>>> print(open('query-v1.cif').read())   # mmCIF, C-alpha atoms
data_final
loop_
_atom_site.label_atom_id
_atom_site.label_comp_id
_atom_site.auth_asym_id
_atom_site.auth_seq_id
_atom_site.Cartn_x
_atom_site.Cartn_y
_atom_site.Cartn_z
CA GLN S 87 128.21 178.53 91.64
CA VAL S 88 128.16 177.17 88.11
CA HIS S 89 131.71 178.37 87.51
CA ARG S 90 132.80 176.53 90.67
CA LEU S 91 131.91 173.12 89.23
CA ARG S 92 135.15 171.10 89.02
CA SER S 93 134.28 168.40 86.49
CA VAL S 94 133.20 170.56 83.54
CA ASP S 95 135.51 171.90 80.85
CA ASN S 96 133.44 174.75 79.48
CA LEU S 97 130.13 176.41 80.20
CA PHE S 98 127.59 177.78 77.79
CA VAL S 99 124.01 178.92 78.06
CA VAL S 100 121.66 177.05 75.75
CA VAL S 101 119.68 179.14 73.29
CA GLN S 102 117.76 176.10 72.03
CA GLU S 103 118.23 172.34 71.94
CA PHE S 104 116.92 170.05 69.19
CA LYS S 105 116.74 166.33 70.06
CA ASP S 106 115.88 165.21 66.51
CA TYR S 107 116.70 167.86 63.94
CA GLN S 108 115.95 166.74 60.39
CA PHE S 109 118.88 167.88 58.22
CA LYS S 110 118.09 168.02 54.51
CA GLU S 111 120.08 165.68 52.27
CA ASN S 112 120.82 168.45 49.79
CA LYS S 113 123.70 170.62 51.08
CA GLU S 114 122.22 173.97 49.92
CA HIS S 115 118.85 173.18 51.49
CA ALA S 116 120.42 172.00 54.76
CA LEU S 117 122.51 175.18 55.07
CA LYS S 118 119.54 177.39 54.13
CA ASP S 119 117.56 175.77 56.99
CA LEU S 120 120.35 176.69 59.42
CA GLU S 121 120.32 180.29 58.16
CA ASP S 122 116.53 180.53 58.54
CA LEU S 123 116.73 179.07 62.05
CA VAL S 124 118.58 182.13 63.42
CA LYS S 125 115.48 184.36 63.24
CA LYS S 126 113.33 181.79 65.06
CA LEU S 127 115.62 181.18 68.05
CA PRO S 128 114.81 182.63 71.51
CA TRP S 129 117.98 184.74 71.97
CA THR S 130 116.72 187.21 74.61
CA ASN S 131 117.25 185.32 77.90
CA PRO S 132 120.53 183.61 76.92
CA LEU S 133 121.98 187.03 76.06
CA LYS S 134 120.86 188.35 79.46
CA VAL S 135 122.70 185.44 81.13
CA TRP S 136 125.77 186.23 78.99
CA GLU S 137 125.65 189.89 80.10
CA LEU S 138 125.23 188.90 83.75
CA ASN S 139 128.21 186.55 83.41
CA ASN S 140 130.31 189.41 82.01
CA SER S 141 129.29 191.92 84.66
CA LEU S 142 130.38 189.44 87.37
CA LYS S 143 133.71 188.94 85.63
CA LYS S 144 134.20 192.71 85.50
CA LYS S 145 133.54 193.02 89.23
CA LYS S 146 136.05 190.26 89.85
CA THR S 147 138.82 191.97 87.89
CA LYS S 148 138.09 195.26 89.70
CA ARG S 149 138.45 193.44 93.05
CA LYS S 150 141.80 192.07 91.94
CA LYS S 151 143.01 195.56 91.00
CA HIS S 152 142.22 196.80 94.52
CA ASN S 153 144.12 193.82 96.00
CA LEU S 154 141.03 192.64 97.82
CA GLN S 155 140.51 188.97 98.59
CA SER S 156 139.23 187.26 95.48
CA PRO S 157 136.86 184.28 95.64
CA VAL S 158 138.38 180.83 95.99
CA SER S 159 137.37 179.59 92.57
CA LYS S 160 136.45 180.84 89.12
CA GLU S 161 133.93 183.59 88.43
CA LYS S 162 130.48 182.97 89.85
CA LEU S 163 127.35 182.89 87.79
CA SER S 164 124.76 184.03 90.28
CA ASP S 165 121.06 183.76 89.53
CA GLY S 166 122.06 180.36 88.25
CA GLY S 167 118.89 178.56 89.34
CA GLU S 168 116.87 178.83 86.17
CA GLU S 169 119.37 180.38 83.89
CA GLY S 170 122.48 178.29 84.12
CA GLY S 171 122.76 174.80 85.47
CA ALA S 172 125.74 172.85 84.17
CA ASP S 173 126.22 169.40 82.89
CA GLN S 174 129.11 167.54 81.36
CA LYS S 175 129.34 166.94 77.67
CA ASP S 176 132.28 165.15 76.09
CA THR S 177 132.85 166.21 72.52
CA ASN S 178 136.32 164.74 72.05
CA ASP S 179 135.00 162.33 69.44
CA GLN S 180 134.07 165.19 67.16
CA GLU S 181 134.58 164.57 63.50
CA ASP S 182 135.65 168.14 62.93
CA CYS S 183 135.64 171.47 64.64
CA ALA S 184 135.38 174.73 62.75
CA GLN S 185 135.09 178.37 63.60
CA ASN S 186 133.71 181.18 61.53
CA THR S 187 133.55 184.89 62.01
CA VAL S 188 130.04 186.12 62.43
CA GLY S 189 128.10 187.75 65.22
CA VAL S 190 125.21 188.24 67.72
CA GLU S 191 123.37 191.32 69.02
CA SER S 192 122.17 193.64 71.70
CA THR S 193 118.61 194.07 70.34
CA ASP S 194 116.14 191.81 72.11
CA SER S 195 113.66 190.38 69.65
CA GLN S 196 112.26 186.83 69.91
CA ASP S 197 110.27 185.04 72.57
CA THR S 198 111.51 184.37 76.06
CA GLU S 199 112.26 180.72 76.54
CA LYS S 200 114.23 179.87 79.67
CA PRO S 201 117.76 178.72 78.80
CA HIS S 202 119.64 175.96 80.59
CA GLY S 203 123.40 176.04 81.09
CA VAL S 204 125.39 173.15 79.69
CA ALA S 205 129.07 172.32 79.78
CA SER S 206 130.84 171.66 76.53
CA GLN S 207 134.39 171.30 75.38
CA ASN S 208 134.86 174.29 73.12
CA THR S 209 137.50 176.81 73.94
CA GLY S 210 136.39 180.40 73.69
CA SER S 211 138.05 183.69 74.50
CA GLY S 212 137.51 187.34 75.25
CA MET S 213 134.00 188.50 76.11
CA GLU S 214 134.21 191.91 77.72
CA LEU S 215 130.97 193.87 77.79
CA GLY S 216 129.97 195.75 80.92
CA ASP S 217 126.44 196.50 82.00
CA GLY S 218 126.24 200.10 81.01
CA GLN S 219 128.61 200.22 78.05
CA ALA S 220 126.01 199.99 75.33
CA ALA S 221 123.79 202.62 76.96
CA GLU S 222 126.24 205.52 76.72
CA GLY S 223 125.24 207.57 73.67
CA GLU S 224 126.01 205.16 70.89
CA ALA S 225 125.46 201.43 71.28
CA LYS S 226 128.65 199.41 71.10
CA VAL S 227 128.73 197.08 68.12
CA LEU S 228 129.53 193.63 69.46
CA LYS S 229 132.12 191.39 67.81
CA PHE S 230 131.36 187.72 67.53
CA ARG S 231 132.32 184.38 66.04
CA VAL S 232 130.50 181.11 65.48
CA THR S 233 132.19 177.83 66.45
CA CYS S 234 130.73 174.61 65.06
CA ASN S 235 131.47 171.14 66.46
CA ARG S 236 130.06 168.38 64.33
CA ALA S 237 130.11 164.61 64.75
CA GLY S 238 128.38 162.06 62.54
CA ASP S 239 128.77 160.85 58.96
CA LYS S 240 125.28 161.60 57.61
CA HIS S 241 125.62 165.36 57.15
CA SER S 242 125.89 166.83 53.65
CA PHE S 243 127.91 169.83 54.94
CA THR S 244 131.16 170.42 56.83
CA SER S 245 131.62 172.28 60.12
CA ASN S 246 133.18 175.20 58.26
CA GLU S 247 130.19 175.52 55.96
CA ALA S 248 127.69 175.33 58.85
CA ALA S 249 129.63 177.94 60.88
CA ARG S 250 129.98 180.22 57.87
CA ASP S 251 126.31 180.20 56.84
CA PHE S 252 124.84 180.19 60.36
CA GLY S 253 127.26 183.00 61.27
CA GLY S 254 126.24 185.04 58.23
CA ALA S 255 122.61 184.86 59.35
CA VAL S 256 123.56 185.80 62.94
CA GLN S 257 125.47 188.81 61.62
CA GLU S 258 122.50 189.92 59.55
CA HIS S 259 120.03 189.37 62.41
CA PHE S 260 121.98 191.23 65.11
CA GLN S 261 124.15 193.57 63.01
CA TRP S 262 127.19 192.33 64.89
CA LYS S 263 130.70 192.46 63.52
CA ALA S 264 132.54 189.22 62.77
CA ASP S 265 135.94 188.77 64.46
CA MET S 266 137.68 185.42 64.83
CA THR S 267 140.14 186.37 67.56
CA ASN S 268 139.06 189.48 69.45
CA PHE S 269 135.35 188.67 69.86
CA ASP S 270 132.86 189.57 72.58
CA VAL S 271 130.37 186.77 71.94
CA GLU S 272 131.07 183.18 70.91
CA VAL S 273 128.04 181.42 69.48
CA LEU S 274 128.29 177.63 69.58
CA LEU S 275 126.69 175.24 67.16
CA ASN S 276 127.07 171.67 68.43
CA ILE S 277 125.81 168.99 66.05
CA HIS S 278 125.93 165.29 66.91
CA ASN S 279 124.14 163.15 64.32
CA ASN S 280 120.52 164.44 64.57
CA GLU S 281 120.97 166.29 67.84
CA MET S 282 121.76 170.00 67.72
CA VAL S 283 122.41 172.58 70.45
CA VAL S 284 122.78 176.31 69.84
CA GLY S 285 124.49 178.07 72.73
CA ILE S 286 126.51 181.10 73.86
CA ALA S 287 129.86 180.52 75.57
CA LEU S 288 130.29 181.66 79.20
CA THR S 289 133.93 180.58 79.64
CA GLU S 290 136.87 182.12 77.82
CA GLU S 291 139.26 179.21 78.16
CA SER S 292 138.70 175.64 79.21
CA LEU S 293 138.41 175.16 82.98
CA HIS S 294 140.49 171.97 82.75
CA ARG S 295 143.70 174.04 82.61
CA ARG S 296 143.08 175.58 86.05
CA ASN S 297 145.97 174.17 88.14
CA ILE S 298 148.63 173.23 85.60
CA THR S 299 151.31 175.59 84.26
CA HIS S 300 153.99 173.08 83.19
CA PHE S 301 152.65 170.47 80.78
CA GLY S 302 154.17 167.11 79.85
CA PRO S 303 153.50 164.78 76.90
CA THR S 304 150.51 163.12 78.63
CA THR S 305 149.25 165.72 81.15
CA LEU S 306 145.81 164.75 82.40
CA ARG S 307 142.95 167.27 82.36
CA SER S 308 142.25 168.66 85.84
CA THR S 309 138.55 167.92 85.26
CA LEU S 310 139.24 164.21 84.68
CA ALA S 311 141.65 164.11 87.64
CA TYR S 312 138.86 165.55 89.82
CA GLY S 313 136.41 162.91 88.58
CA MET S 314 138.88 160.11 89.41
CA LEU S 315 139.45 161.45 92.91
CA ARG S 316 135.72 161.80 93.55
CA LEU S 317 135.19 158.20 92.50
CA CYS S 318 137.25 156.95 95.46
CA ASP S 319 135.39 159.19 97.97
CA PRO S 320 138.34 160.63 99.96
CA GLN S 321 137.71 161.09 103.68
CA PRO S 322 139.52 163.59 105.95
CA THR S 323 142.96 162.30 107.07
CA ASP S 324 143.18 159.77 104.19
CA ILE S 325 146.65 159.30 102.74
CA ILE S 326 146.36 159.44 98.94
CA VAL S 327 149.23 158.34 96.70
CA ASP S 328 149.79 158.82 92.97
CA PRO S 329 152.76 156.54 92.21
CA MET S 330 153.00 157.58 88.51
CA CYS S 331 152.11 161.25 88.82
CA GLY S 332 153.68 162.69 85.65
CA THR S 333 153.20 166.46 85.87
CA GLY S 334 151.13 166.07 89.04
CA ALA S 335 147.61 166.83 87.75
CA ILE S 336 145.92 164.31 90.10
CA PRO S 337 147.70 165.13 93.41
CA ILE S 338 147.53 168.90 92.73
CA GLU S 339 143.78 168.70 92.08
CA GLY S 340 143.50 166.52 95.20
CA ALA S 341 145.43 168.96 97.40
CA ALA S 342 143.34 171.88 96.12
CA GLU S 343 139.94 170.20 96.56
CA TRP S 344 140.60 167.79 99.47
CA PRO S 345 143.00 169.70 101.75
CA GLY S 346 141.95 167.51 104.70
CA CYS S 347 143.80 164.55 103.15
CA TYR S 348 147.56 164.09 102.76
CA HIS S 349 148.76 163.64 99.17
CA ILE S 350 151.99 161.96 98.08
CA ALA S 351 153.09 162.01 94.44
CA GLY S 352 155.98 160.24 92.77
CA ASP S 353 157.40 159.30 89.40
CA ASN S 354 160.48 157.50 88.13
CA ASN S 355 161.20 160.21 85.54
CA PRO S 356 163.25 163.13 86.95
CA GLN S 357 161.85 165.48 84.29
CA ALA S 358 158.26 164.64 85.34
CA VAL S 359 159.13 165.20 89.01
CA LYS S 360 160.61 168.59 88.11
CA ARG S 361 157.48 169.61 86.18
CA ALA S 362 155.23 168.47 89.04
CA ALA S 363 157.33 170.45 91.54
CA ASN S 364 156.99 173.55 89.33
CA ASN S 365 153.21 173.06 89.18
CA ILE S 366 153.08 172.81 92.98
CA CYS S 367 155.09 176.07 93.23
CA SER S 368 152.61 177.75 90.87
CA LEU S 369 149.72 176.59 93.07
CA LEU S 370 151.46 177.96 96.17
CA ARG S 371 152.01 181.31 94.44
CA LYS S 372 148.34 181.39 93.39
CA ASN S 373 147.28 180.76 97.02
CA GLU S 374 149.58 183.55 98.23
CA ASN S 375 148.12 186.01 95.70
CA LYS S 376 144.59 185.25 96.87
CA ASP S 377 145.19 186.35 100.42
CA SER S 378 148.76 186.83 101.57
CA SER S 379 147.77 187.22 105.22
CA THR S 380 146.65 183.60 105.55
CA ALA S 381 148.64 181.93 102.75
CA LEU S 382 148.99 178.25 103.59
CA GLY S 383 151.09 175.50 102.11
CA VAL S 384 149.53 172.55 100.32
CA PRO S 385 149.30 169.04 101.89
CA LEU S 386 151.38 167.50 99.12
CA ASP S 387 154.87 166.05 98.62
CA ILE S 388 156.60 164.92 95.41
CA ILE S 389 159.27 162.20 95.32
CA GLN S 390 161.29 160.44 92.63
CA TRP S 391 160.88 156.68 93.07
CA ASP S 392 160.47 153.30 91.40
CA ILE S 393 156.79 152.31 91.05
CA CYS S 394 157.59 148.63 91.67
CA ASN S 395 159.63 149.34 94.80
CA LEU S 396 157.90 152.16 96.70
CA PRO S 397 159.55 153.55 99.85
CA LEU S 398 156.27 153.30 101.78
CA ARG S 399 155.34 151.08 104.71
CA THR S 400 153.07 148.07 104.05
CA GLY S 401 149.38 148.89 104.60
CA SER S 402 150.07 152.60 105.25
CA VAL S 403 148.08 154.11 102.36
CA ASP S 404 144.29 154.62 102.08
CA ILE S 405 143.91 155.45 98.38
CA VAL S 406 145.98 155.04 95.22
CA VAL S 407 144.90 157.20 92.26
CA THR S 408 146.96 157.20 89.08
CA ASP S 409 147.00 157.51 85.31
CA MET S 410 148.80 154.36 84.13
CA PRO S 411 151.00 154.43 80.99
CA PHE S 412 148.88 153.66 77.92
CA GLY S 413 151.91 152.33 76.05
CA LYS S 414 151.56 154.96 73.33
CA ARG S 415 153.38 158.22 74.11
CA ILE S 416 155.03 156.79 77.22
CA GLY S 417 156.28 153.20 77.59
CA SER S 418 155.05 150.43 75.28
CA LYS S 419 152.24 147.87 75.21
CA LYS S 420 154.87 145.12 75.49
CA LYS S 421 156.38 146.61 78.67
CA ASN S 422 152.89 146.99 80.18
CA TRP S 423 152.50 143.19 80.35
CA ASP S 424 155.23 143.11 83.01
CA LEU S 425 154.62 146.56 84.48
CA TYR S 426 150.87 146.30 85.22
CA PRO S 427 150.95 143.12 87.41
CA ALA S 428 154.03 144.41 89.27
CA CYS S 429 152.30 147.79 89.87
CA LEU S 430 149.10 146.18 91.12
CA MET S 431 151.07 143.96 93.52
CA GLU S 432 153.02 146.92 94.92
CA MET S 433 149.88 149.08 95.19
CA GLY S 434 148.22 146.17 97.02
CA ARG S 435 151.16 145.99 99.42
CA ILE S 436 151.03 149.67 100.43
CA CYS S 437 147.20 149.86 100.64
CA THR S 438 145.34 149.10 103.87
CA PRO S 439 143.70 145.62 103.65
CA GLY S 440 139.89 145.74 103.78
CA THR S 441 139.49 149.54 103.36
CA GLY S 442 142.08 150.57 100.77
CA ARG S 443 140.94 151.50 97.27
CA ALA S 444 142.52 152.37 93.96
CA VAL S 445 141.28 154.37 90.97
CA LEU S 446 143.32 153.63 87.87
CA LEU S 447 143.02 155.07 84.36
CA THR S 448 144.30 153.15 81.32
CA GLN S 449 143.59 152.66 77.66
CA ASP S 450 145.42 149.29 77.59
CA LYS S 451 142.29 147.50 78.83
CA LYS S 452 143.24 143.99 77.66
CA CYS S 453 146.55 144.08 79.51
CA PHE S 454 144.90 145.56 82.63
CA ALA S 455 142.21 142.84 82.71
CA LYS S 456 144.88 140.13 82.50
CA ALA S 457 146.99 141.77 85.22
CA LEU S 458 143.95 142.15 87.48
CA SER S 459 143.07 138.46 87.11
CA ARG S 460 146.57 137.61 88.39
CA VAL S 461 146.13 139.70 91.56
CA GLY S 462 142.47 138.86 92.25
CA HIS S 463 143.37 137.81 95.81
CA ILE S 464 144.43 141.43 96.57
CA TRP S 465 142.14 143.58 94.41
CA ARG S 466 138.52 143.24 93.31
CA ARG S 467 136.98 145.47 90.67
CA ALA S 468 134.04 147.53 92.00
CA GLN S 469 133.25 149.83 89.08
CA THR S 470 134.36 150.73 85.54
CA VAL S 471 133.77 154.15 83.98
CA TRP S 472 134.46 154.67 80.26
CA VAL S 473 136.17 157.94 79.37
CA ASN S 474 137.45 159.65 76.25
CA VAL S 475 141.05 160.82 76.67
CA GLY S 476 142.11 162.89 73.67
CA GLY S 477 140.13 160.68 71.31
CA LEU S 478 141.30 157.41 72.93
CA HIS S 479 138.65 155.10 74.42
CA ALA S 480 139.98 154.55 77.94
CA ALA S 481 138.62 153.18 81.21
CA VAL S 482 138.77 154.28 84.85
CA TYR S 483 138.70 151.28 87.22
CA LEU S 484 137.67 151.54 90.87
CA LEU S 485 139.31 148.68 92.78
CA ARG S 486 138.76 147.71 96.41
CA ARG S 487 141.45 146.11 98.54
CA THR S 488 140.55 142.65 99.88
CA GLY S 489 141.21 141.80 103.51
CA GLU S 490 144.08 139.48 102.57
CA ALA S 491 147.50 140.53 103.84
CA ALA S 492 150.03 141.35 101.12
CA GLU S 493 153.44 139.73 100.97
CA GLU S 494 156.02 141.67 102.92
CA ARG S 495 158.83 142.86 100.70
CA ARG S 496 162.24 141.46 101.59
CA ALA S 497 164.94 144.05 102.19
CA PRO S 498 167.52 144.06 99.35
CA TRP S 499 170.45 144.15 101.80
#
>>> encode(input="query-v1.cif", output="structure tokens")
Amino acid sequence: QVHRLRSVDNLFVVVQEFKDYQFKENKEHALKDLEDLVKKLPWTNPLKVWELNNSLKKKKTKRKKHNLQSPVSKEKLSDGGEEGGADQKDTNDQEDCAQNTVGVESTDSQDTEKPHGVASQNTGSGMELGDGQAAEGEAKVLKFRVTCNRAGDKHSFTSNEAARDFGGAVQEHFQWKADMTNFDVEVLLNIHNNEMVVGIALTEESLHRRNITHFGPTTLRSTLAYGMLRLCDPQPTDIIVDPMCGTGAIPIEGAAEWPGCYHIAGDNNPQAVKRAANNICSLLRKNENKDSSTALGVPLDIIQWDICNLPLRTGSVDIVVTDMPFGKRIGSKKKNWDLYPACLMEMGRICTPGTGRAVLLTQDKKCFAKALSRVGHIWRRAQTVWVNVGGLHAAVYLLRRTGEAAEERRAPW
């Protein structure tokens, strides 16, 4: 169930969380404290959760080999009540991220504190340890690495130094073997100012890559796309349009999670339309592989069009969800001053008066605010959610369509 959560990037089980950890000002003393901490941490239960997670993954791969129907989503973490809830944690504003080779164990020492699962944004890989492997004759020596994410300017040490020294102590404590690439266990050390979380990774690669195979210059994370769609509360039979779809992250996530709605995606860039079409094909193939006897299509179409002149009937759309150009990698801030008001007018025209809504993501907040003030008779702002997009401070706006009728567009002929 934890692995089925759609808005988290990574999962880890918490070994211990420190709300106000007092780091020493002297670098040697601070690092020595981290080393000493390893022996005091309650490793036993988190490692049991990690083993359970692995045994479920093994069963899943066996099922695939026998061509049996695999579950709809990612691996499940059963028993997740006490030992693995999940929560979102955005660490994009990290000052630095470092990894070091050092390991964890299979000997259970320490007290038994119940761990809690937490979602983070570290990417891990390869943990393959079955239930009975260690029991056969000789215990298997686990390989491990420590990944440190640190944010804050008051620390006397770097992420590399923390990962190196903490990892050395982990290696000594568990007699594990350090391996940066082909590791079984990834130990996470997340430090944010005076807060510190020690955890063990449960995901091998970030869950945000789940539906996208062809990436563009500004491909949105599937996890953020899911959050945007949830914000507008899609109802069965709603028509949902992404007029600037790029590689199609939003409509593909929508079609996968809200198949009772009809999704239309479009972009003015032929290259983007091609990438989105390829991503849709990949999703169709994935659905076929799951269970070829009942393979269905996806309720989604992709079209090349002009955002300011959409080939859609006035008032025919329930929801507009899109990632607007920030004016950095695509377009420019200057162009946005004309583009944003024109977009909002056209979105207002196609949306149903009174019930239509729009969820729009942009980092060009000043320009968006100005554009919104010009179309206040059509759209009113209901909610703003701040998000971090690749280190950029952006905003997701939920707009509601007023009851006022939009101007009919005159035919160009």
>>> residues_around(input="query-v1.cif", residues="Ala116 in chain S", least_positions_apart="2", cutoff="12 Å", atoms="only C-alpha atoms", output="PyMOL selection string")
chain S and resi 107-114+118-123+240-244+247-248+251-252
>>> atom_distance(input="query-v1.cif", atom1="CA of Glu494 in chain S", atom2="CA of Asp409 in chain S")
25.3 Å
>>> resolve_selection(input="query-v1.cif", expression="the PyMOL selection byres ((chain S and resi 336-351) around 7)", output="VMD selection string")
chain S and resid 308 311 to 312 315 322 to 329 331 334 to 335 352 366 384 to 389
>>> atom_distance(input="query-v1.cif", atom1="CA of Lys229 in chain S", atom2="CA of Val88 in chain S")
25.1 Å
>>> resolve_selection(input="query-v1.cif", expression="the PyMOL selection byres ((chain S and resi 462-468) around 8)", output="VMD selection string")
chain S and resid 431 434 458 to 461 469 to 470 483 to 492
>>> closest_residue(input="query-v1.cif", among="S:Thr438, S:Arg236, S:Asp106, S:Val403", to="Glu281 in chain S", atoms="all atoms listed in the file")
S:Asp106
>>> atom_distance(input="query-v1.cif", atom1="CA of Asn365 in chain S", atom2="CA of Leu310 in chain S")
17.1 Å
>>> decode(input="query-v1.cif", residues="range 95-110 of chain S", atoms="N, CA, C and O atoms", output="mmCIF file, in the first residue's frame")
data_model
loop_
_atom_site.group_PDB
_atom_site.id
_atom_site.type_symbol
_atom_site.label_atom_id
_atom_site.label_comp_id
_atom_site.auth_asym_id
_atom_site.auth_seq_id
_atom_site.Cartn_x
_atom_site.Cartn_y
_atom_site.Cartn_z
ATOM 1 N N ASP S 95 8.124 10.596 -3.929
ATOM 2 C CA ASP S 95 9.218 10.258 -4.839
ATOM 3 C C ASP S 95 9.965 9.011 -4.396
ATOM 4 O O ASP S 95 10.264 8.133 -5.188
ATOM 5 N N ASN S 96 10.315 8.962 -3.133
ATOM 6 C CA ASN S 96 11.032 7.805 -2.603
ATOM 7 C C ASN S 96 10.493 7.431 -1.245
ATOM 8 O O ASN S 96 9.916 8.256 -0.545
ATOM 9 N N LEU S 97 10.721 6.197 -0.865
ATOM 10 C CA LEU S 97 10.295 5.722 0.457
ATOM 11 C C LEU S 97 11.515 5.274 1.242
ATOM 12 O O LEU S 97 12.433 4.682 0.674
ATOM 13 N N PHE S 98 11.526 5.587 2.522
ATOM 14 C CA PHE S 98 12.513 4.960 3.391
ATOM 15 C C PHE S 98 11.893 4.711 4.747
ATOM 16 O O PHE S 98 10.895 5.329 5.108
ATOM 17 N N VAL S 99 12.453 3.760 5.466
ATOM 18 C CA VAL S 99 11.979 3.484 6.812
ATOM 19 C C VAL S 99 12.903 4.225 7.772
ATOM 20 O O VAL S 99 14.124 4.199 7.622
ATOM 21 N N VAL S 100 12.309 4.937 8.704
ATOM 22 C CA VAL S 100 13.096 5.772 9.624
ATOM 23 C C VAL S 100 13.710 4.900 10.720
ATOM 24 O O VAL S 100 13.011 4.132 11.376
ATOM 25 N N VAL S 101 15.014 5.035 10.885
ATOM 26 C CA VAL S 101 15.701 4.382 12.001
ATOM 27 C C VAL S 101 15.501 5.247 13.244
ATOM 28 O O VAL S 101 15.047 4.795 14.280
ATOM 29 N N GLN S 102 15.826 6.542 13.120
ATOM 30 C CA GLN S 102 15.539 7.487 14.207
ATOM 31 C C GLN S 102 15.513 8.912 13.654
ATOM 32 O O GLN S 102 16.220 9.238 12.704
ATOM 33 N N GLU S 103 14.670 9.724 14.277
ATOM 34 C CA GLU S 103 14.503 11.117 13.857
ATOM 35 C C GLU S 103 14.894 12.025 15.018
ATOM 36 O O GLU S 103 14.540 11.775 16.166
ATOM 37 N N PHE S 104 15.664 13.063 14.722
ATOM 38 C CA PHE S 104 16.081 14.021 15.746
ATOM 39 C C PHE S 104 15.555 15.395 15.352
ATOM 40 O O PHE S 104 15.941 15.932 14.317
ATOM 41 N N LYS S 105 14.656 15.953 16.165
ATOM 42 C CA LYS S 105 14.053 17.255 15.839
ATOM 43 C C LYS S 105 15.029 18.400 16.084
ATOM 44 O O LYS S 105 14.993 19.415 15.394
ATOM 45 N N ASP S 106 15.905 18.254 17.096
ATOM 46 C CA ASP S 106 16.828 19.347 17.421
ATOM 47 C C ASP S 106 18.176 18.754 17.817
ATOM 48 O O ASP S 106 18.514 18.655 18.984
ATOM 49 N N TYR S 107 18.927 18.341 16.813
ATOM 50 C CA TYR S 107 20.220 17.708 17.063
ATOM 51 C C TYR S 107 21.281 18.803 17.208
ATOM 52 O O TYR S 107 21.403 19.666 16.348
ATOM 53 N N GLN S 108 22.020 18.764 18.285
ATOM 54 C CA GLN S 108 23.026 19.802 18.535
ATOM 55 C C GLN S 108 24.365 19.391 17.912
ATOM 56 O O GLN S 108 25.106 18.590 18.476
ATOM 57 N N PHE S 109 24.655 19.932 16.721
ATOM 58 C CA PHE S 109 25.936 19.649 16.070
ATOM 59 C C PHE S 109 27.029 20.496 16.719
ATOM 60 O O PHE S 109 26.844 21.698 16.946
ATOM 61 N N LYS S 110 28.160 19.863 16.997
ATOM 62 C CA LYS S 110 29.290 20.609 17.580
ATOM 63 C C LYS S 110 29.854 21.580 16.556
ATOM 64 O O LYS S 110 29.826 21.328 15.349
#
